[in-house]
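Peer 1: This is the structure I want to talk about, given as structure tokens.
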Number of protein chains: 2
Amino acid sequence: MTAPLQEAHPSSPGRRLPDTQQGMRRRNLARVMHTVSAEGPLSRATVASRIGLTRATVSTLVDELIRSGLLEELGPERPGRVGRPGSALTVSGRGPAGIGAEIGVDHLAVCAVDLRGAVRARAVRHGTNRGRPPQPVLGELAALVGQVVAEAEREGLWPAGLAVAVPGLVARDARTVVRAPNLDWHDLDLGPLLPAGLPLTVDNEANFGSLAELWLGEATPRDFLHVSAEIGIGGAVVVDGRLLRGTHGFAGELGHVPVHPEGPECACGGRGCLEQYAGEEAVLRAAGLTPGQDRVELLAERAAQGDTDVRRALREAGTALGIALTGAVNLLDPQAIVLGGALAALAPWLLPSLERELARRTAGPGCVVTVSRLGPEGPLLGAAHSVVRAVLDDPAAAAERV
Amino acid sequence: MTAPLQEAHPSSPGRRLPDTQQGMRRRNLARVMHTVSAEGPLSRATVASRIGLTRATVSTLVDELIRSGLLEELGPERPGRVGRPGSALTVSGRGPAGIGAEIGVDHLAVCAVDLRGAVRARAVRHGTNRGRPPQPVLGELAALVGQVVAEAEREGLWPAGLAVAVPGLVARDARTVVRAPNLDWHDLDLGPLLPAGLPLTVDNEANFGSLAELWLGEATPRDFLHVSAEIGIGGAVVVDGRLLRGTHGFAGELGHVPVHPEGPECACGGRGCLEQYAGEEAVLRAAGLTPGQDRVELLAERAAQGDTDVRRALREAGTALGIALTGAVNLLDPQAIVLGGALAALAPWLLPSLERELARRTAGPGCVVTVSRLGPEGPLLGAAHSVVRAVLDDPAAAAERV
DNA sequence: CTATTTCGTCATGGCGCTTAACAAATTAGT
DNA sequence: ACTAATTTGTTAAGCGCCATGACGAAATAG
């Protein structure tokens with residue numbers, strides 16, 4: 001609902017169209033696409049008034065986008081207002097599709113999303129990837145991508161790009177996995193191992209999850225902090241509708257913020273990091289369960305049943321989260337904190353202590369804490385949508401690739 | 001006739017002009033100004049190749065800027081290269097000037113900076129403002145502004161705007177001081193109390209200090225964390241050359257990041273905030289001095305003399321800073337941390353423990369810690385330069401105001 | 001049925017950048 | 001010293017893109 005009229009690519013910053021007439025044209029095509037995409041079926045006249053151009057100009061822009069197959073004309077609107085009714089425009093359901101893929105520790109998933117945001121094809125393979133060498137895993141992923149692309153093409157779509165979410169740190173080149181501890185992958189360039197011919201983007205699953213929250217969340221603001229937990233604790237910072245990536249691409253590592261500086265040692269070399277108190281392993285252990293065997297799902301189950309040990313463990317994890325988030329809120333003054341991933345399912349038992357800690361320690365107007373509606377679907381959807389956004393951000397480039 | 005003059009906040013140089021031909025022209029004028037300003041005397045041909053426009057176009061842009069008094073022609077260059085020598089262009093030394101002002105706890109200061117970045121006039125009044133009512137203080141400030149403007153005008157400059165740095169939180173309207181505890185000012189709109197006729201911007205001194213670091217620092221990157229201390233501890237986050245303000249304008253409040261969650265209570269309501277360990281009062285007390293009577297300058301003096309109590313106090317403050325900064329580095333992955341304000345003078349005794357703590361707790365490629373070259377001059381210069389930047393960012397708007 | 005309102009399109013025009021050509025000013029080569 | 005080559009800055013013509021204003025089309029209001 002927030003107007004996503006940002007000019008720059010969320011996925012590839014640095015790229016700016018030149019300030020020449022062609023660049024202006026391309027930016028205006030993008031503004032039309034964004035407006036129609038965000039505000040549903042719209043007439044040319046409405047689009048014109050939204051983006052501040054004249055009806056005549058918008059007409060020519062729309063013509064071009066229809067010829068490229070990016071917009072569709074639905075026919076006359078039927079409103080009760082006086083005057084000739086406009087002709088409703090929508091983004092095309094038969095144009096480009098974003099292919100999203102997720103390499104999880106326990107599964108592989110691929111989906112295709114059209115410009116309207118609808119998932120049009122998907123494929124999943126269950127089974128652990130922990131410790132498997134990259135080649136066979138990526139081979140299976142490529143096969144799933146092939147299936148999904150074929151299915152999308154049967155529906156009249158064509159793939160505009162492939163975005164892959166991985167559970168680990170990714171270099172700023174958006175292709176190289178620097179380290180994915182739970183897969184045991186290091187310094188691996190995914191480019192040569194995945195289907196060529198499709199523009200490829202690789203990113204951290206927490207980053208894609210936060211973008212999904214930004215693009216698909218119900219009332220997600222343009223400035224928020226996204227906290228997700230799978231095995232470790234991941235975070236992402238979104239400022240003014242843009243994901244903050246950091247110098248090395250490692251921003252958002254909330255899991256290693258010090259909570260109790262003299263606390264237990266952490267694998268990262270520090271002491272008392274948040275992960276020591278609110279990470280999966282720590283919480284399972286505090287609840288009297290066995291990490292590695294039992295999983296997060298069990299926690300939600302037990303907590304719902306009223307298990308006091310589990311509830312206490314979650315309460316304490318919430319307190320630790322609250323302390324770490326206090327620092328983040330003081331530093332960033334975000335509009336909201338969104339709990340995603342596994343935290344979403346555990347939120348009912350984390351939130352009270354988390355919010356109490358946050359309220360106690362922050363003086364100002366505070367900061368809303370919300371729970372993700374997307375849950376574990378976030379990274380996959382975010383990946384697919386990142387491709388769709390790239391098309392919206394530069395429709396002229398996509399049109400050339402038909 | 002012309003687009004309405006949009007008030008620019010110092011940290012938002014990227015404000016969008018409409019994507020119409022006039023907007024394009026204005027952006028290109030800005031690109032010429034920025035290029036000439038940043039890379040010294042340049043010929044039209046060089047500017048053209050830098051910004052990707054043709055020589056012909058740049059010629060007309062330059063003509064317009066010279067007519068407006070924003071650029072000057074220095075005459076033919078004399079390089080050893082073949083071909084006709086270019087005509088060197090510089091930003092004008094007689095055009096608009098940025099008027100910067102600082103309301104300190106113990107002084108008032110005003111200066112005028114020309115487009116070349118040179119300080120062309122200044123005025124200072126010493127004497128405490130602590131607890132004085134706003135009217136007389138602002139009256140004195142207005143008088144100093146009058147002096148500086150008059151002196152600048154004698155040198156052929158005209159004031160393009162006034163930017164005021166205050167030691168406190170400022171609302172996002174850039175006019176209202178929400179609270180300045182050391183002045184005991186609250187919810188005060190400075191607009192009616194300062195000379196009218198000049199575009200006014202008010203901001204936190206730490207924010208202006210970090211912008212000064214960004215614009216004037218020797219090798220300051222575009223992504224860094226600025227930490228300064230006057231009475232409290234202020235911080236500012238610069239991402240991709242832009243100051244991160246936060247939803248309420250309160251971002252960067254490093255002073256209240258929890259360091260020891262169960263530590264002593266803080267005025268903010270929390271416990272164990274950084275300010276309890278590295279704030280002026282805390283450090284003075286830990287050094288065996290009397291807060292309120294002794295000041296920061298004394299600490300540097302004593303430390304240089306080898307006072308062990310003072311050195312220990314500073315070492316411990318450095319450790320606390322290191323813990324708080326570890327969290328910030330994990331969250332933001334900045335390229336550098338810059339110590340400014342009073343911390344710059346104390347850096348020799350803070351740095352060792354600070355860097356040790358940071359190195360111990362962060363695994364990745366780490367983050368350089370540097371010391372500001374500007375020191376206490378930062379906020380004043382940043383304020384004046386913010387006006388200059390606004391002129392560079394939209395020279396057409398400034399030209400209209402001549 | 002007429003007047004009014006709004007939509008989409010068309011022809012015209014203005015603005016801004018590019019292209020191409022040219023004179024001016026310097027260096028390199030003979 | 002003289003010519004050729006190179007680079008700069010300017011000029012005129014051209015084209016792309018958006019704005020303006022007028023028009024027919026399609027609805028509602030009276």
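In the structure tokens, chains take letters A, B, ... by order of appearance, with residues numbered from 1 within each chain and ligands from 1 in the order shown.
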If you run DSSP on the backbone, which residues of region 163-362 of chain A are strand (DSSP E), as number ranges by chain?
Peer 2: A: 163-166, 169-170, 176-180, 185-189, 200-204, 224-229, 233-239, 242-244, 336-341
Peer 1: Can you build me a table of chain B residues sitting at most 9 Å from chain D, with the closest atom pair per residue and its distance in Å to one decimal, using only C-alpha atoms (C1' of nucleotides), sorted by chain and residue number, as CSV?
Peer 2:
```
residue,atom,partner,partner_atom,distance
B:Thr20,CA,D:DC18,C1',6.8
B:Gln21,CA,D:DC18,C1',7.1
B:Ser43,CA,D:DT8,C1',8.7
B:Arg44,CA,D:DG9,C1',8.0
B:Ala45,CA,D:DT8,C1',7.0
B:Arg55,CA,D:DG9,C1',7.9
B:Ala56,CA,D:DT10,C1',7.6
B:Ser59,CA,D:DG9,C1',7.6
B:Arg81,CA,D:DT7,C1',8.8
B:Val82,CA,D:DT6,C1',5.9
B:Gly83,CA,D:DT7,C1',3.9
B:Arg84,CA,D:DT7,C1',5.0
B:Pro85,CA,D:DT8,C1',6.4
B:Gly86,CA,D:DT8,C1',5.6
B:Ser87,CA,D:DT8,C1',8.3
```
Peer 1: Could the residues in this selection be written to a file with N, CA and C atoms, as a compact mmCIF listing (two decimals), in the first residue's frame?
Peer 2:
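The resulting part.txt:
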```txt
# COMPACT_ATOMS: atom_id res chain seq x y z
N THR B 20 10.59 15.01 -16.17
CA THR B 20 10.14 15.78 -17.31
C THR B 20 11.38 16.48 -17.84
N GLN B 21 11.27 17.16 -18.95
CA GLN B 21 12.46 17.74 -19.54
C GLN B 21 13.10 18.79 -18.66
N SER B 43 37.89 21.40 -17.78
CA SER B 43 37.40 21.98 -19.04
C SER B 43 36.01 21.44 -19.34
N ARG B 44 35.32 22.11 -20.25
CA ARG B 44 33.99 21.63 -20.65
C ARG B 44 34.07 20.21 -21.19
N ALA B 45 35.09 19.95 -21.98
CA ALA B 45 35.21 18.62 -22.60
C ALA B 45 35.39 17.54 -21.53
N ARG B 55 29.79 17.40 -25.58
CA ARG B 55 30.41 18.71 -25.34
C ARG B 55 29.44 19.85 -25.61
N ALA B 56 28.66 19.68 -26.67
CA ALA B 56 27.71 20.74 -27.02
C ALA B 56 26.74 21.00 -25.87
N SER B 59 28.35 22.63 -22.94
CA SER B 59 28.59 24.05 -23.20
C SER B 59 27.39 24.90 -22.82
N ARG B 81 49.64 18.30 -23.20
CA ARG B 81 49.00 17.40 -24.16
C ARG B 81 48.79 18.08 -25.51
N VAL B 82 48.65 17.24 -26.52
CA VAL B 82 48.40 17.76 -27.85
C VAL B 82 46.97 18.29 -27.93
N GLY B 83 46.73 19.19 -28.87
CA GLY B 83 45.39 19.71 -29.08
C GLY B 83 45.16 21.05 -28.43
N ARG B 84 44.10 21.63 -28.81
CA ARG B 84 43.74 22.94 -28.24
C ARG B 84 43.47 22.81 -26.74
N PRO B 85 44.04 23.65 -25.95
CA PRO B 85 43.82 23.55 -24.50
C PRO B 85 42.41 23.97 -24.13
N GLY B 86 41.87 23.33 -23.10
CA GLY B 86 40.54 23.67 -22.65
C GLY B 86 40.56 24.94 -21.81
N SER B 87 39.38 25.42 -21.54
CA SER B 87 39.24 26.59 -20.67
C SER B 87 38.81 26.10 -19.29
```
Peer 1: Given a cut-off of 7 Å, which residues of chain B touch chain A, counting only C-alpha atoms, written out as a PyMOL selection string?
Peer 2: chain B and resi 19+24+28+246-248+250-254+256-258+260-261+268-270+323+326-327+330-335+360-363
Peer 1: For the selection just defined, write its residues with N, CA and C atoms to a file, as a short mmCIF file (atom, residue, chain, number, x, y, z; two decimals), in the first residue's frame.
Peer 2:
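Done, and the output landed in again14.cif:
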```
data_model
loop_
_atom_site.label_atom_id
_atom_site.label_comp_id
_atom_site.auth_asym_id
_atom_site.auth_seq_id
_atom_site.Cartn_x
_atom_site.Cartn_y
_atom_site.Cartn_z
N ASP B 19 10.28 13.61 -13.63
CA ASP B 19 10.91 13.09 -14.83
C ASP B 19 10.32 13.74 -16.06
N MET B 24 15.04 17.11 -16.03
CA MET B 24 16.29 16.58 -16.58
C MET B 24 17.33 17.69 -16.68
N ASN B 28 20.90 17.83 -14.76
CA ASN B 28 22.17 17.91 -15.46
C ASN B 28 22.98 19.13 -15.03
N GLY B 246 16.09 7.90 10.36
CA GLY B 246 15.13 7.16 11.16
C GLY B 246 13.73 7.74 11.06
N THR B 247 12.76 6.96 11.53
CA THR B 247 11.37 7.34 11.37
C THR B 247 11.05 8.66 12.06
N HIS B 248 11.58 8.84 13.26
CA HIS B 248 11.28 10.06 14.01
C HIS B 248 12.44 11.04 13.97
N PHE B 250 15.43 10.17 15.01
CA PHE B 250 16.24 9.90 16.21
C PHE B 250 17.30 8.82 15.98
N ALA B 251 17.56 8.45 14.75
CA ALA B 251 18.53 7.38 14.50
C ALA B 251 19.92 7.81 14.98
N GLY B 252 20.75 6.83 15.28
CA GLY B 252 22.13 7.14 15.66
C GLY B 252 22.34 7.33 17.14
N GLU B 253 21.32 7.04 17.95
CA GLU B 253 21.45 7.25 19.39
C GLU B 253 22.28 6.13 20.03
N LEU B 254 23.54 6.11 19.69
CA LEU B 254 24.42 5.07 20.18
C LEU B 254 24.54 5.09 21.71
N HIS B 256 22.58 5.08 24.02
CA HIS B 256 21.65 4.29 24.83
C HIS B 256 21.53 2.86 24.34
N VAL B 257 22.54 2.41 23.64
CA VAL B 257 22.64 0.99 23.31
C VAL B 257 23.04 0.26 24.60
N PRO B 258 22.35 -0.83 24.94
CA PRO B 258 22.71 -1.54 26.18
C PRO B 258 24.08 -2.21 26.04
N HIS B 260 25.85 -3.45 29.27
CA HIS B 260 25.68 -4.47 30.30
C HIS B 260 24.22 -4.38 30.75
N PRO B 261 23.40 -5.31 30.24
CA PRO B 261 21.93 -5.17 30.41
C PRO B 261 21.49 -5.02 31.86
N CYS B 268 17.44 7.39 30.65
CA CYS B 268 16.53 7.03 29.56
C CYS B 268 15.53 5.99 29.98
N GLY B 269 15.72 5.40 31.16
CA GLY B 269 14.81 4.36 31.61
C GLY B 269 15.43 2.98 31.52
N GLY B 270 16.44 2.84 30.69
CA GLY B 270 17.09 1.55 30.55
C GLY B 270 18.14 1.31 31.61
N ILE B 323 32.19 -2.69 22.75
CA ILE B 323 31.06 -3.61 22.84
C ILE B 323 29.85 -3.05 22.09
N THR B 326 30.44 -3.18 18.41
CA THR B 326 30.35 -4.53 17.85
C THR B 326 28.93 -4.79 17.36
N GLY B 327 27.98 -4.44 18.19
CA GLY B 327 26.59 -4.61 17.77
C GLY B 327 26.30 -3.82 16.51
N ASN B 330 27.96 -5.42 13.42
CA ASN B 330 27.23 -6.61 12.99
C ASN B 330 25.95 -6.25 12.25
N LEU B 331 25.34 -5.19 12.69
CA LEU B 331 24.06 -4.80 12.11
C LEU B 331 24.22 -4.08 10.78
N LEU B 332 25.27 -3.25 10.67
CA LEU B 332 25.36 -2.34 9.53
C LEU B 332 26.51 -2.64 8.58
N ASP B 333 27.50 -3.41 9.02
CA ASP B 333 28.66 -3.71 8.19
C ASP B 333 29.21 -2.45 7.51
N PRO B 334 29.58 -1.44 8.29
CA PRO B 334 30.07 -0.21 7.68
C PRO B 334 31.52 -0.38 7.21
N GLN B 335 31.96 0.56 6.40
CA GLN B 335 33.33 0.48 5.92
C GLN B 335 34.31 1.03 6.95
N ARG B 360 38.08 -8.77 18.76
CA ARG B 360 37.79 -10.02 19.45
C ARG B 360 36.40 -10.53 19.11
N ARG B 361 35.47 -9.59 18.95
CA ARG B 361 34.07 -9.98 18.84
C ARG B 361 33.53 -10.06 17.42
N THR B 362 34.24 -9.52 16.46
CA THR B 362 33.74 -9.59 15.09
C THR B 362 34.62 -10.52 14.28
N ALA B 363 33.95 -11.41 13.54
CA ALA B 363 34.71 -12.44 12.83
C ALA B 363 35.17 -11.95 11.46
#
```
Peer 1: Among region 61-97 of chain A, which residues does DSSP mark as helix (DSSP H, G or I) when it is run on the backbone? Keep the chain and numbering as in the structure and answer as an mmCIF file with C-alpha atoms, in the first residue's frame.
Peer 2:
```cif
data_model
loop_
_atom_site.group_PDB
_atom_site.id
_atom_site.type_symbol
_atom_site.label_atom_id
_atom_site.label_comp_id
_atom_site.auth_asym_id
_atom_site.auth_seq_id
_atom_site.Cartn_x
_atom_site.Cartn_y
_atom_site.Cartn_z
ATOM 1 C CA LEU A 61 3.839 4.982 -22.726
ATOM 2 C CA VAL A 62 0.968 2.566 -22.232
ATOM 3 C CA ASP A 63 0.855 1.760 -25.940
ATOM 4 C CA GLU A 64 4.481 0.810 -25.839
ATOM 5 C CA LEU A 65 4.013 -1.347 -22.748
ATOM 6 C CA ILE A 66 1.012 -3.123 -24.276
ATOM 7 C CA ARG A 67 2.971 -3.807 -27.462
#
```
Peer 1: Check every residue of chain C for an atom within 8 Å of chain A, counting only C-alpha atoms (C1' of nucleotides), and provide those that qualify as a ChimeraX atom specification.
Peer 2: /C:5-9,17
Peer 1: Record the distance separating CA of Thr176 (chain A) and CA of Leu190 (chain A), expressed in Å with one decimal.
Peer 2: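 Result for CA of Thr176 (chain A) versus CA of Leu190 (chain A): 6.0 Å, one decimal.
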